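Have a look at upload.json below; it lists JSON, C-alpha atoms.
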```
[["chain", "number", "residue", "atom", "x", "y", "z"],
["L", 1, "MET", "CA", -65.75, -52.03, -31.37],
["L", 2, "TRP", "CA", -65.36, -55.48, -29.84],
["L", 3, "PHE", "CA", -61.66, -56.37, -29.59],
["L", 4, "LYS", "CA", -60.57, -59.37, -31.67],
["L", 5, "ASN", "CA", -57.06, -59.85, -30.26],
["L", 6, "LEU", "CA", -55.41, -59.26, -26.90],
["L", 7, "ILE", "CA", -51.85, -58.42, -25.91],
["L", 8, "PHE", "CA", -51.87, -57.15, -22.35],
["L", 9, "TYR", "CA", -49.36, -55.44, -20.09],
["L", 10, "ARG", "CA", -49.16, -54.74, -16.37],
["L", 11, "PHE", "CA", -48.65, -51.21, -15.05],
["L", 12, "SER", "CA", -45.87, -51.16, -12.46],
["L", 13, "LYS", "CA", -47.51, -48.15, -10.81],
["L", 14, "PRO", "CA", -51.08, -46.81, -10.90],
["L", 15, "PHE", "CA", -52.25, -44.83, -13.93],
["L", 16, "ASP", "CA", -53.87, -41.85, -12.25],
["L", 17, "MET", "CA", -54.05, -39.24, -15.00],
["L", 18, "SER", "CA", -57.45, -37.57, -15.35],
["L", 19, "GLN", "CA", -59.43, -37.91, -18.56],
["L", 20, "ASP", "CA", -59.00, -34.20, -19.34],
["L", 21, "LYS", "CA", -55.23, -34.29, -18.93],
["L", 22, "PHE", "CA", -55.01, -37.52, -20.90],
["L", 23, "GLU", "CA", -57.05, -35.94, -23.69],
["L", 24, "GLN", "CA", -54.75, -32.90, -23.76],
["L", 25, "ALA", "CA", -51.68, -35.12, -23.98],
["L", 26, "LEU", "CA", -53.15, -37.15, -26.83],
["L", 27, "GLN", "CA", -54.10, -34.00, -28.76],
["L", 28, "GLU", "CA", -50.42, -33.04, -28.89],
["L", 29, "PHE", "CA", -49.81, -36.17, -30.97],
["L", 30, "ALA", "CA", -53.08, -36.34, -32.91],
["L", 31, "PHE", "CA", -52.97, -38.00, -36.31],
["L", 32, "LYS", "CA", -52.21, -35.73, -39.25],
["L", 33, "PRO", "CA", -52.50, -36.91, -42.88],
["L", 34, "CYS", "CA", -49.32, -37.36, -44.88],
["L", 35, "GLY", "CA", -47.99, -34.29, -46.63],
["L", 36, "SER", "CA", -46.68, -34.49, -50.18],
["L", 37, "GLN", "CA", -43.22, -35.58, -49.00],
["L", 38, "ASP", "CA", -44.21, -37.80, -46.07],
["L", 39, "VAL", "CA", -43.67, -41.56, -46.28],
["L", 40, "SER", "CA", -45.91, -42.23, -43.28],
["L", 41, "GLN", "CA", -47.73, -40.60, -40.38],
["L", 42, "TYR", "CA", -48.80, -42.09, -37.06],
["L", 43, "GLY", "CA", -50.90, -40.45, -34.37],
["L", 44, "TRP", "CA", -54.00, -40.61, -32.20],
["L", 45, "THR", "CA", -57.48, -40.60, -33.67],
["L", 46, "THR", "CA", -60.94, -40.75, -32.14],
["L", 47, "PRO", "CA", -61.87, -44.30, -31.05],
["L", 48, "LEU", "CA", -65.54, -43.56, -31.79],
["L", 49, "GLY", "CA", -64.96, -42.89, -35.48],
["L", 50, "HIS", "CA", -66.75, -39.81, -36.80],
["L", 51, "GLN", "CA", -69.15, -39.75, -33.86],
["L", 52, "THR", "CA", -66.98, -37.41, -31.73],
["L", 53, "ASP", "CA", -63.73, -35.46, -31.85],
["L", 54, "GLY", "CA", -62.40, -36.73, -28.51],
["L", 55, "LEU", "CA", -59.26, -38.86, -28.58],
["L", 56, "VAL", "CA", -60.05, -40.73, -25.36],
["L", 57, "HIS", "CA", -63.32, -42.40, -24.43],
["L", 58, "ALA", "CA", -63.80, -43.23, -20.76],
["L", 59, "GLY", "CA", -66.09, -45.72, -19.09],
["L", 60, "SER", "CA", -66.02, -47.42, -15.68],
["L", 61, "GLY", "CA", -62.38, -46.64, -15.04],
["L", 62, "CYS", "CA", -61.20, -47.59, -18.52],
["L", 63, "TYR", "CA", -59.71, -45.27, -21.16],
["L", 64, "TRP", "CA", -60.16, -46.31, -24.80],
["L", 65, "ILE", "CA", -57.63, -44.93, -27.30],
["L", 66, "THR", "CA", -56.88, -45.56, -30.99],
["L", 67, "ALA", "CA", -53.73, -44.95, -33.01],
["L", 68, "LYS", "CA", -53.99, -44.40, -36.77],
["L", 69, "LYS", "CA", -51.28, -44.95, -39.37],
["L", 70, "GLU", "CA", -51.04, -43.75, -42.95],
["L", 71, "GLU", "CA", -48.37, -45.32, -45.15],
["L", 72, "LYS", "CA", -47.58, -44.34, -48.73],
["L", 73, "MET", "CA", -47.46, -47.38, -50.99],
["L", 74, "LEU", "CA", -44.25, -47.29, -53.00],
["L", 75, "PRO", "CA", -43.62, -50.62, -54.78],
["L", 76, "ALA", "CA", -39.99, -51.65, -54.33],
["L", 77, "PRO", "CA", -39.65, -53.03, -57.91],
["L", 78, "VAL", "CA", -40.75, -49.66, -59.35],
["L", 79, "ILE", "CA", -38.25, -47.77, -57.21],
["L", 80, "LYS", "CA", -35.47, -50.19, -58.10],
["L", 81, "GLU", "CA", -36.17, -49.92, -61.83],
["L", 82, "MET", "CA", -36.18, -46.11, -61.76],
["L", 83, "VAL", "CA", -32.94, -46.03, -59.77],
["L", 84, "GLU", "CA", -31.26, -48.41, -62.22],
["L", 85, "GLU", "CA", -32.40, -46.28, -65.16],
["L", 86, "LYS", "CA", -30.97, -43.11, -63.61],
["L", 87, "ALA", "CA", -27.73, -44.88, -62.66],
["L", 88, "GLU", "CA", -27.36, -46.25, -66.18],
["L", 89, "LYS", "CA", -27.76, -42.78, -67.70],
["L", 90, "ILE", "CA", -25.11, -41.36, -65.37],
["L", 91, "SER", "CA", -22.78, -44.25, -66.14],
["L", 92, "GLU", "CA", -23.14, -43.75, -69.90],
["L", 93, "ALA", "CA", -22.80, -39.97, -69.75],
["L", 94, "GLU", "CA", -19.77, -39.93, -67.45],
["L", 95, "GLN", "CA", -18.19, -43.26, -68.44],
["L", 96, "ARG", "CA", -17.90, -44.49, -64.88],
["L", 97, "LYS", "CA", -19.50, -46.86, -62.43],
["L", 98, "VAL", "CA", -22.13, -45.39, -60.11],
["L", 99, "SER", "CA", -21.27, -46.06, -56.46],
["L", 100, "ASN", "CA", -23.65, -47.57, -53.94],
["L", 101, "LYS", "CA", -23.69, -44.27, -52.06],
["L", 102, "GLU", "CA", -24.82, -42.48, -55.21],
["L", 103, "LYS", "CA", -27.48, -45.12, -55.81],
["L", 104, "GLN", "CA", -28.80, -44.50, -52.31],
["L", 105, "GLN", "CA", -29.05, -40.80, -53.11],
["L", 106, "LEU", "CA", -30.83, -41.62, -56.37],
["L", 107, "LYS", "CA", -33.24, -43.83, -54.45],
["L", 108, "GLU", "CA", -34.09, -40.98, -52.09],
["L", 109, "GLU", "CA", -34.71, -38.70, -55.08],
["L", 110, "VAL", "CA", -36.97, -41.29, -56.72],
["L", 111, "VAL", "CA", -38.96, -41.73, -53.51],
["L", 112, "MET", "CA", -39.44, -37.96, -53.20],
["L", 113, "THR", "CA", -40.63, -37.86, -56.82],
["L", 114, "LEU", "CA", -43.13, -40.69, -56.37],
["L", 115, "LEU", "CA", -44.54, -39.71, -52.97],
["L", 116, "PRO", "CA", -47.01, -37.03, -54.14],
["L", 117, "ARG", "CA", -48.61, -39.54, -56.52],
["L", 118, "ALA", "CA", -48.52, -42.59, -54.26],
["L", 119, "PHE", "CA", -51.65, -44.21, -52.88],
["L", 120, "SER", "CA", -52.06, -44.39, -49.11],
["L", 121, "ARG", "CA", -52.77, -47.39, -46.92],
["L", 122, "PHE", "CA", -54.50, -46.74, -43.61],
["L", 123, "SER", "CA", -54.61, -48.92, -40.51],
["L", 124, "SER", "CA", -55.53, -48.44, -36.87],
["L", 125, "THR", "CA", -54.81, -50.12, -33.54],
["L", 126, "SER", "CA", -57.00, -49.74, -30.48],
["L", 127, "ALA", "CA", -56.19, -50.22, -26.81],
["L", 128, "TYR", "CA", -57.61, -49.39, -23.43],
["L", 129, "ILE", "CA", -56.13, -48.66, -20.04],
["L", 130, "ASP", "CA", -57.98, -50.36, -17.19],
["L", 131, "THR", "CA", -57.13, -48.14, -14.24],
["L", 132, "LYS", "CA", -58.86, -50.46, -11.76],
["L", 133, "GLU", "CA", -57.03, -53.60, -12.85],
["L", 134, "GLY", "CA", -53.76, -51.84, -13.71],
["L", 135, "LEU", "CA", -53.68, -53.20, -17.26],
["L", 136, "LEU", "CA", -52.94, -51.90, -20.74],
["L", 137, "VAL", "CA", -54.88, -54.07, -23.19],
["L", 138, "VAL", "CA", -54.02, -53.79, -26.90],
["L", 139, "ASP", "CA", -56.15, -55.12, -29.75],
["L", 140, "ALA", "CA", -53.24, -56.27, -31.93],
["L", 141, "ALA", "CA", -52.44, -59.52, -33.70],
["L", 142, "SER", "CA", -48.68, -58.92, -33.52],
["L", 143, "PHE", "CA", -46.24, -57.60, -30.95],
["L", 144, "ASN", "CA", -44.91, -55.12, -33.54],
["L", 145, "LYS", "CA", -48.26, -53.34, -33.76],
["L", 146, "ALA", "CA", -48.65, -53.35, -29.98],
["L", 147, "GLU", "CA", -45.14, -51.95, -29.57],
["L", 148, "ASP", "CA", -45.83, -49.20, -32.14],
["L", 149, "LEU", "CA", -48.85, -48.09, -30.12],
["L", 150, "MET", "CA", -46.91, -48.26, -26.86],
["L", 151, "ALA", "CA", -44.04, -46.25, -28.33],
["L", 152, "LEU", "CA", -46.49, -43.51, -29.32],
["L", 153, "LEU", "CA", -48.15, -43.66, -25.90],
["L", 154, "ARG", "CA", -44.76, -43.45, -24.18],
["L", 155, "LYS", "CA", -43.87, -40.43, -26.32],
["L", 156, "THR", "CA", -47.24, -38.87, -25.51],
["L", 157, "LEU", "CA", -47.00, -39.36, -21.74],
["L", 158, "GLY", "CA", -43.25, -39.01, -21.32],
["L", 159, "SER", "CA", -43.05, -42.46, -19.75],
["L", 160, "LEU", "CA", -45.04, -45.69, -19.78],
["L", 161, "PRO", "CA", -44.33, -47.94, -16.78],
["L", 162, "VAL", "CA", -45.67, -51.24, -18.12],
["L", 163, "LEU", "CA", -44.29, -54.77, -18.34],
["L", 164, "PRO", "CA", -45.49, -57.82, -20.28],
["L", 165, "VAL", "CA", -47.73, -59.97, -18.11],
["L", 166, "GLU", "CA", -45.98, -63.13, -16.91],
["L", 167, "VAL", "CA", -47.40, -66.18, -15.16],
["L", 168, "MET", "CA", -46.04, -68.63, -12.60],
["L", 169, "GLU", "CA", -46.20, -71.69, -14.89],
["L", 170, "ALA", "CA", -45.14, -72.01, -18.55],
["L", 171, "PRO", "CA", -48.31, -71.84, -20.71],
["L", 172, "GLY", "CA", -47.10, -74.40, -23.27],
["L", 173, "ALA", "CA", -46.29, -77.00, -20.62],
["L", 174, "ILE", "CA", -49.59, -76.43, -18.82],
["L", 175, "MET", "CA", -51.61, -76.72, -22.04],
["L", 176, "ASN", "CA", -49.83, -80.02, -22.71],
["L", 177, "LYS", "CA", -50.87, -81.18, -19.26],
["L", 178, "TRP", "CA", -54.50, -80.19, -19.87],
["L", 179, "LEU", "CA", -54.67, -82.38, -22.96],
["L", 180, "LEU", "CA", -52.69, -85.31, -21.57],
["L", 181, "GLU", "CA", -54.70, -85.45, -18.35],
["L", 182, "ASN", "CA", -58.03, -84.41, -19.91],
["L", 183, "PHE", "CA", -58.10, -81.54, -17.43],
["L", 184, "ARG", "CA", -60.14, -78.36, -17.84],
["L", 185, "PRO", "CA", -59.25, -75.25, -15.82],
["L", 186, "ALA", "CA", -62.08, -73.54, -13.95],
["L", 187, "GLN", "CA", -64.51, -71.64, -16.22],
["L", 188, "PHE", "CA", -62.74, -72.79, -19.40],
["L", 189, "THR", "CA", -63.69, -75.27, -22.10],
["L", 190, "ILE", "CA", -61.20, -76.65, -24.61],
["L", 191, "THR", "CA", -62.69, -76.79, -28.11],
["L", 192, "GLU", "CA", -61.48, -78.49, -31.30],
["L", 193, "GLU", "CA", -58.41, -76.68, -32.62],
["L", 194, "ALA", "CA", -54.77, -76.91, -31.65],
["L", 195, "GLU", "CA", -51.28, -76.53, -33.03],
["L", 196, "LEU", "CA", -48.44, -78.62, -31.65],
["L", 197, "ALA", "CA", -44.77, -78.07, -32.44],
["L", 198, "GLU", "CA", -41.39, -79.54, -31.66],
["L", 199, "LEU", "CA", -39.01, -77.18, -29.89],
["L", 200, "GLY", "CA", -36.65, -75.31, -32.20],
["L", 201, "GLU", "CA", -37.18, -73.21, -35.31],
["L", 202, "ASP", "CA", -37.15, -76.18, -37.69],
["L", 203, "GLY", "CA", -39.24, -78.49, -35.52],
["L", 204, "ALA", "CA", -42.16, -80.42, -36.98],
["L", 205, "VAL", "CA", -45.65, -78.93, -36.60],
["L", 206, "ALA", "CA", -49.00, -80.71, -36.30],
["L", 207, "LYS", "CA", -52.27, -78.81, -36.74],
["L", 208, "PHE", "CA", -55.72, -80.04, -35.76],
["L", 209, "LYS", "CA", -59.08, -78.47, -36.61],
["L", 210, "ARG", "CA", -62.61, -79.68, -35.94],
["L", 211, "GLN", "CA", -61.19, -82.67, -34.11],
["L", 212, "PRO", "CA", -61.53, -83.84, -30.49],
["L", 213, "LEU", "CA", -58.26, -82.97, -28.80],
["L", 214, "ASP", "CA", -58.40, -85.92, -26.44],
["L", 215, "SER", "CA", -57.99, -88.33, -29.37],
["L", 216, "ASP", "CA", -55.13, -90.83, -29.45],
["L", 217, "GLU", "CA", -53.66, -89.09, -32.52],
["L", 218, "VAL", "CA", -53.30, -85.76, -30.72],
["L", 219, "LEU", "CA", -51.97, -87.32, -27.52],
["L", 220, "ALA", "CA", -49.39, -89.32, -29.48],
["L", 221, "HIS", "CA", -47.85, -86.12, -30.80],
["L", 222, "ILE", "CA", -47.56, -84.70, -27.27],
["L", 223, "GLU", "CA", -46.06, -87.93, -25.94],
["L", 224, "ALA", "CA", -43.54, -87.82, -28.81],
["L", 225, "GLY", "CA", -42.26, -84.47, -27.57],
["L", 226, "LYS", "CA", -44.36, -81.81, -29.25],
["L", 227, "GLN", "CA", -45.75, -78.92, -27.22],
["L", 228, "VAL", "CA", -49.02, -77.07, -27.56],
["L", 229, "VAL", "CA", -48.39, -73.62, -29.04],
["L", 230, "LYS", "CA", -52.01, -72.73, -29.91],
["L", 231, "LEU", "CA", -55.24, -73.94, -28.34],
["L", 232, "SER", "CA", -58.83, -72.95, -29.04],
["L", 233, "MET", "CA", -60.94, -72.45, -25.92],
["L", 234, "MET", "CA", -64.09, -70.88, -24.53],
["L", 235, "PHE", "CA", -64.43, -68.89, -21.33],
["L", 236, "ASP", "CA", -67.61, -69.34, -19.32],
["L", 237, "ASP", "CA", -69.67, -69.76, -22.53],
["L", 238, "ARG", "CA", -69.08, -66.04, -23.11],
["L", 239, "ILE", "CA", -65.79, -65.65, -25.00],
["L", 240, "GLU", "CA", -64.37, -67.89, -27.73],
["L", 241, "PHE", "CA", -60.65, -67.48, -28.44],
["L", 242, "LEU", "CA", -57.38, -68.98, -29.63],
["L", 243, "LEU", "CA", -54.67, -68.95, -26.96],
["L", 244, "HIS", "CA", -50.98, -68.86, -27.91],
["L", 245, "ASP", "CA", -48.20, -70.11, -25.68],
["L", 246, "ASP", "CA", -46.86, -66.55, -25.32],
["L", 247, "LEU", "CA", -50.16, -65.58, -23.64],
["L", 248, "THR", "CA", -51.38, -63.60, -26.65],
["L", 249, "VAL", "CA", -55.05, -64.15, -27.41],
["L", 250, "LYS", "CA", -56.31, -64.20, -31.00],
["L", 251, "ARG", "CA", -59.62, -64.61, -32.82],
["L", 252, "ILE", "CA", -61.74, -63.43, -29.92],
["L", 253, "LYS", "CA", -65.47, -63.74, -30.39],
["L", 254, "PHE", "CA", -67.96, -62.64, -27.76],
["L", 255, "THR", "CA", -70.97, -64.94, -27.72],
["L", 256, "GLU", "CA", -74.58, -63.81, -27.70],
["L", 257, "LEU", "CA", -74.63, -64.15, -23.92],
["L", 258, "VAL", "CA", -72.47, -61.02, -23.96],
["L", 259, "THR", "CA", -73.49, -59.14, -27.09],
["L", 260, "ASP", "CA", -77.22, -59.39, -26.31],
["L", 261, "GLU", "CA", -76.84, -57.76, -22.88],
["L", 262, "ASN", "CA", -77.10, -54.24, -24.29],
["L", 263, "GLU", "CA", -80.00, -54.86, -26.65],
["L", 264, "ASP", "CA", -82.19, -52.66, -24.46],
["L", 265, "VAL", "CA", -79.89, -49.71, -25.20],
["L", 266, "GLY", "CA", -80.86, -49.84, -28.86],
["L", 267, "THR", "CA", -79.06, -48.18, -31.76],
["L", 268, "GLU", "CA", -80.93, -44.86, -31.96],
["L", 269, "ASP", "CA", -78.08, -43.17, -30.08],
["L", 270, "PRO", "CA", -74.84, -44.64, -31.50],
["L", 271, "ILE", "CA", -72.67, -43.00, -28.84],
["L", 272, "ALA", "CA", -74.76, -44.44, -26.01],
["L", 273, "ARG", "CA", -74.59, -47.91, -27.54],
["L", 274, "LEU", "CA", -70.82, -47.73, -28.10],
["L", 275, "ASP", "CA", -70.37, -46.52, -24.54],
["L", 276, "ALA", "CA", -72.47, -49.38, -23.16],
["L", 277, "ASP", "CA", -70.68, -51.97, -25.30],
["L", 278, "PHE", "CA", -67.24, -50.63, -24.33],
["L", 279, "THR", "CA", -68.06, -50.74, -20.62],
["L", 280, "LEU", "CA", -69.43, -54.26, -20.99],
["L", 281, "MET", "CA", -66.41, -55.45, -22.97],
["L", 282, "CYS", "CA", -63.96, -54.10, -20.39],
["L", 283, "ALA", "CA", -65.81, -55.87, -17.58],
["L", 284, "GLU", "CA", -65.89, -59.14, -19.52],
["L", 285, "LEU", "CA", -62.20, -58.96, -20.41],
["L", 286, "ALA", "CA", -61.19, -58.08, -16.85],
["L", 287, "ALA", "CA", -62.86, -61.28, -15.61],
["L", 288, "PHE", "CA", -61.41, -63.26, -18.52],
["L", 289, "ILE", "CA", -57.82, -62.08, -18.03],
["L", 290, "LYS", "CA", -57.97, -62.73, -14.29],
["L", 291, "ALA", "CA", -59.23, -66.28, -14.83],
["L", 292, "LEU", "CA", -56.69, -66.90, -17.60],
["L", 293, "LEU", "CA", -53.77, -65.90, -15.40],
["L", 294, "ASN", "CA", -55.09, -68.07, -12.57],
["L", 295, "ALA", "CA", -55.20, -71.03, -14.97],
["L", 296, "PHE", "CA", -51.41, -70.78, -15.22],
["L", 297, "GLY", "CA", -50.72, -70.59, -11.51],
["L", 298, "GLY", "CA", -51.38, -66.88, -11.14],
["L", 299, "GLU", "CA", -49.51, -63.79, -12.26],
["L", 300, "LEU", "CA", -45.84, -63.22, -11.61],
["L", 301, "LEU", "CA", -46.02, -59.64, -10.40],
["L", 302, "PRO", "CA", -43.34, -57.04, -11.30],
["L", 303, "GLU", "CA", -41.89, -57.05, -7.78],
["L", 304, "GLN", "CA", -41.50, -60.87, -7.96],
["L", 305, "ARG", "CA", -39.41, -60.87, -11.13]]
```

For the structure just supplied, provide its representation as structure tokens.
Amino acid sequence: MWFKNLIFYRFSKPFDMSQDKFEQALQEFAFKPCGSQDVSQYGWTTPLGHQTDGLVHAGSGCYWITAKKEEKMLPAPVIKEMVEEKAEKISEAEQRKVSNKEKQQLKEEVVMTLLPRAFSRFSSTSAYIDTKEGLLVVDAASFNKAEDLMALLRKTLGSLPVLPVEVMEAPGAIMNKWLLENFRPAQFTITEEAELAELGEDGAVAKFKRQPLDSDEVLAHIEAGKQVVKLSMMFDDRIEFLLHDDLTVKRIKFTELVTDENEDVGTEDPIARLDADFTLMCAELAAFIKALLNAFGGELLPEQR
């Protein structure tokens, strides 16, 4: 249940839909397994697994949702070989060259033939809407996955007034400053992993793990013009994470200071424990995101852009 990655967005106007109406909207786009001729399917599933049928779980002003994807696995080399075989037979029988347009049609026929026998690959992406903080928080390691979920949510709701969160000061430049000046922002600790890169696609990259980041070796790379693009940190001894210079947060780990808080809830009632953990996680991440944005000079609000 605990999110491992964060990509977060700011609502430009309050999200005030009730849980019941939100549930009804999600049900219209609930996940359905692939049919015999479907390449993929994408829709909403229950965030609580098999514990309930509801597509939205609410707690302390936060709505937890999960999108599920099924993709049929059709190896490209197999498709290519079958298309070439069919094209070769046509060429021999009719003594002519098969056009690219015909090959595309053959490819579509091959795909339709293979689909009923193809294995499926399943994946899911979770997110929650924090109505108090005005945030959409997605547990995704890539922008593509976050955008897929947002596209489905936009289709579900008819509109989705969110913008990527921006800050007043460039994260890469500020992280450089932290290391050069041995500065630590309030509530944060810098740990022992970083990636530095020269600007440009082909720029040199230096990676450091299990190494003090105030060492002369690390500082020499920064002074030579490299910029911090990834930095491992800890928030308030409660959340370990890897921060990227685009403000995405990866490899989140909640420490025992957090995960032990709900030990009194027990595991006899799985729903109660999931509910308690979700509420706790949302509170922890709200404080974390607020502090993170402040570390970069504060948030650049939509009306300021």

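The coordinates place CA of Met82 (chain L) at 8.2 Å from CA of Lys107 (chain L).
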
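As for CA of Gly61 (chain L) and CA of Ala151 (chain L), they are spaced 22.7 Å apart.
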
Near Gly43 (chain L), counting only C-alpha atoms, which residues have an atom at most 7 Å away, once you skip same-chain residues fewer than 3 positions from it, shown as an MDAnalysis selection string?
chainID L and resid 29:32 67:69

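With all atoms listed in the file taken into account, the protein and nucleic acid residues at most 10 Å from Ile271 (chain L) (excluding it and anything under 4 positions from it in its own chain) are Leu48, Gln51, Thr52, Thr267, Asp275, Ala276 and Asp277 of chain L.
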
For CA of Thr113 (chain L) and CA of Asn100 (chain L), the interatomic separation in Å (one decimal):
19.8 Å

Give me the residues near Thr259 (chain L) as number ranges by chain, where near means some atom within 10 Å (using all atoms listed in the file) and where sequence neighbours in that chain fewer than 3 positions away do not count.
L: 2, 238, 253-256, 262-263, 277, 280-281

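Omitting region 193-209 of chain L and its sequence neighbours fewer than 4 positions away, and counting all atoms listed in the file, the residues within 6 Å are L:Lys226, L:Gln227, L:Val228, L:Val229, L:Lys230, L:Leu231, L:Ser232.
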
Spatial neighbours of Ala25 (chain L), 12 Å, all atoms listed in the file, chain gap at least 6 places, as a VMD selection string
chain L and resid 17 to 19 43 to 44 54 to 56 65 152 to 158

Preceding selection exported with C-alpha atoms as a PDB file, keeping the file's coordinate frame:
```pdb
ATOM      1  CA  MET L  17     -54.050 -39.240 -15.000  1.00  0.00           C
ATOM      2  CA  SER L  18     -57.450 -37.570 -15.350  1.00  0.00           C
ATOM      3  CA  GLN L  19     -59.430 -37.910 -18.560  1.00  0.00           C
ATOM      4  CA  GLY L  43     -50.900 -40.450 -34.370  1.00  0.00           C
ATOM      5  CA  TRP L  44     -54.000 -40.610 -32.200  1.00  0.00           C
ATOM      6  CA  GLY L  54     -62.400 -36.730 -28.510  1.00  0.00           C
ATOM      7  CA  LEU L  55     -59.260 -38.860 -28.580  1.00  0.00           C
ATOM      8  CA  VAL L  56     -60.050 -40.730 -25.360  1.00  0.00           C
ATOM      9  CA  ILE L  65     -57.630 -44.930 -27.300  1.00  0.00           C
ATOM     10  CA  LEU L 152     -46.490 -43.510 -29.320  1.00  0.00           C
ATOM     11  CA  LEU L 153     -48.150 -43.660 -25.900  1.00  0.00           C
ATOM     12  CA  ARG L 154     -44.760 -43.450 -24.180  1.00  0.00           C
ATOM     13  CA  LYS L 155     -43.870 -40.430 -26.320  1.00  0.00           C
ATOM     14  CA  THR L 156     -47.240 -38.870 -25.510  1.00  0.00           C
ATOM     15  CA  LEU L 157     -47.000 -39.360 -21.740  1.00  0.00           C
ATOM     16  CA  GLY L 158     -43.250 -39.010 -21.320  1.00  0.00           C
TER      17      GLY L 158
END
```

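Comparing L:Gln37, L:Leu135, L:Gly49, L:Leu149 by their smallest distance to Pro270 (chain L), the closest is L:Gly49 (using only C-alpha atoms).
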
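The shortest atom-to-atom distance to Ala118 (chain L), with all atoms listed in the file taken into account, belongs to L:Leu74 out of L:Arg96, L:Leu74, L:His244, L:Thr279.
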
Of the residues L:Ala146, L:Met112, L:Leu163, L:Ile222, which is the one nearest to Phe11 (chain L), using all atoms listed in the file?
L:Leu163

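Closest approach to Val110 (chain L) from the set L:Lys132, L:Gln95, L:Ala76, L:Ala272 is made by L:Ala76, with distances taken over only C-alpha atoms.
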
Please output region 185-198 of chain L, rebuilt to include N, CA and C atoms, as a PDB file, in the frame of the given file.
```
ATOM      1  N   PRO L 185     -59.338 -76.249 -16.889  1.00  0.00           N
ATOM      2  CA  PRO L 185     -59.250 -75.250 -15.820  1.00  0.00           C
ATOM      3  C   PRO L 185     -60.612 -74.620 -15.552  1.00  0.00           C
ATOM      4  N   ALA L 186     -60.800 -74.117 -14.357  1.00  0.00           N
ATOM      5  CA  ALA L 186     -62.080 -73.540 -13.950  1.00  0.00           C
ATOM      6  C   ALA L 186     -62.549 -72.479 -14.930  1.00  0.00           C
ATOM      7  N   GLN L 187     -63.808 -72.578 -15.332  1.00  0.00           N
ATOM      8  CA  GLN L 187     -64.510 -71.640 -16.220  1.00  0.00           C
ATOM      9  C   GLN L 187     -64.116 -71.770 -17.686  1.00  0.00           C
ATOM     10  N   PHE L 188     -63.191 -72.664 -18.013  1.00  0.00           N
ATOM     11  CA  PHE L 188     -62.740 -72.790 -19.400  1.00  0.00           C
ATOM     12  C   PHE L 188     -63.158 -74.118 -20.007  1.00  0.00           C
ATOM     13  N   THR L 189     -63.420 -74.075 -21.306  1.00  0.00           N
ATOM     14  CA  THR L 189     -63.690 -75.270 -22.100  1.00  0.00           C
ATOM     15  C   THR L 189     -62.680 -75.314 -23.230  1.00  0.00           C
ATOM     16  N   ILE L 190     -62.105 -76.472 -23.475  1.00  0.00           N
ATOM     17  CA  ILE L 190     -61.200 -76.650 -24.610  1.00  0.00           C
ATOM     18  C   ILE L 190     -62.036 -77.109 -25.800  1.00  0.00           C
ATOM     19  N   THR L 191     -61.889 -76.446 -26.933  1.00  0.00           N
ATOM     20  CA  THR L 191     -62.690 -76.790 -28.110  1.00  0.00           C
ATOM     21  C   THR L 191     -61.863 -77.647 -29.072  1.00  0.00           C
ATOM     22  N   GLU L 192     -61.987 -77.469 -30.373  1.00  0.00           N
ATOM     23  CA  GLU L 192     -61.480 -78.490 -31.300  1.00  0.00           C
ATOM     24  C   GLU L 192     -60.406 -77.978 -32.254  1.00  0.00           C
ATOM     25  N   GLU L 193     -59.520 -77.136 -31.769  1.00  0.00           N
ATOM     26  CA  GLU L 193     -58.410 -76.680 -32.620  1.00  0.00           C
ATOM     27  C   GLU L 193     -57.153 -76.542 -31.785  1.00  0.00           C
ATOM     28  N   ALA L 194     -56.052 -77.018 -32.339  1.00  0.00           N
ATOM     29  CA  ALA L 194     -54.770 -76.910 -31.650  1.00  0.00           C
ATOM     30  C   ALA L 194     -53.634 -76.974 -32.654  1.00  0.00           C
ATOM     31  N   GLU L 195     -52.518 -76.397 -32.256  1.00  0.00           N
ATOM     32  CA  GLU L 195     -51.280 -76.530 -33.030  1.00  0.00           C
ATOM     33  C   GLU L 195     -50.194 -76.982 -32.079  1.00  0.00           C
ATOM     34  N   LEU L 196     -49.510 -78.056 -32.456  1.00  0.00           N
ATOM     35  CA  LEU L 196     -48.440 -78.620 -31.650  1.00  0.00           C
ATOM     36  C   LEU L 196     -47.139 -78.510 -32.431  1.00  0.00           C
ATOM     37  N   ALA L 197     -46.041 -78.234 -31.744  1.00  0.00           N
ATOM     38  CA  ALA L 197     -44.770 -78.070 -32.440  1.00  0.00           C
ATOM     39  C   ALA L 197     -43.624 -78.618 -31.612  1.00  0.00           C
ATOM     40  N   GLU L 198     -42.629 -79.148 -32.318  1.00  0.00           N
ATOM     41  CA  GLU L 198     -41.390 -79.540 -31.660  1.00  0.00           C
ATOM     42  C   GLU L 198     -40.606 -78.277 -31.328  1.00  0.00           C
TER      43      GLU L 198
END
```
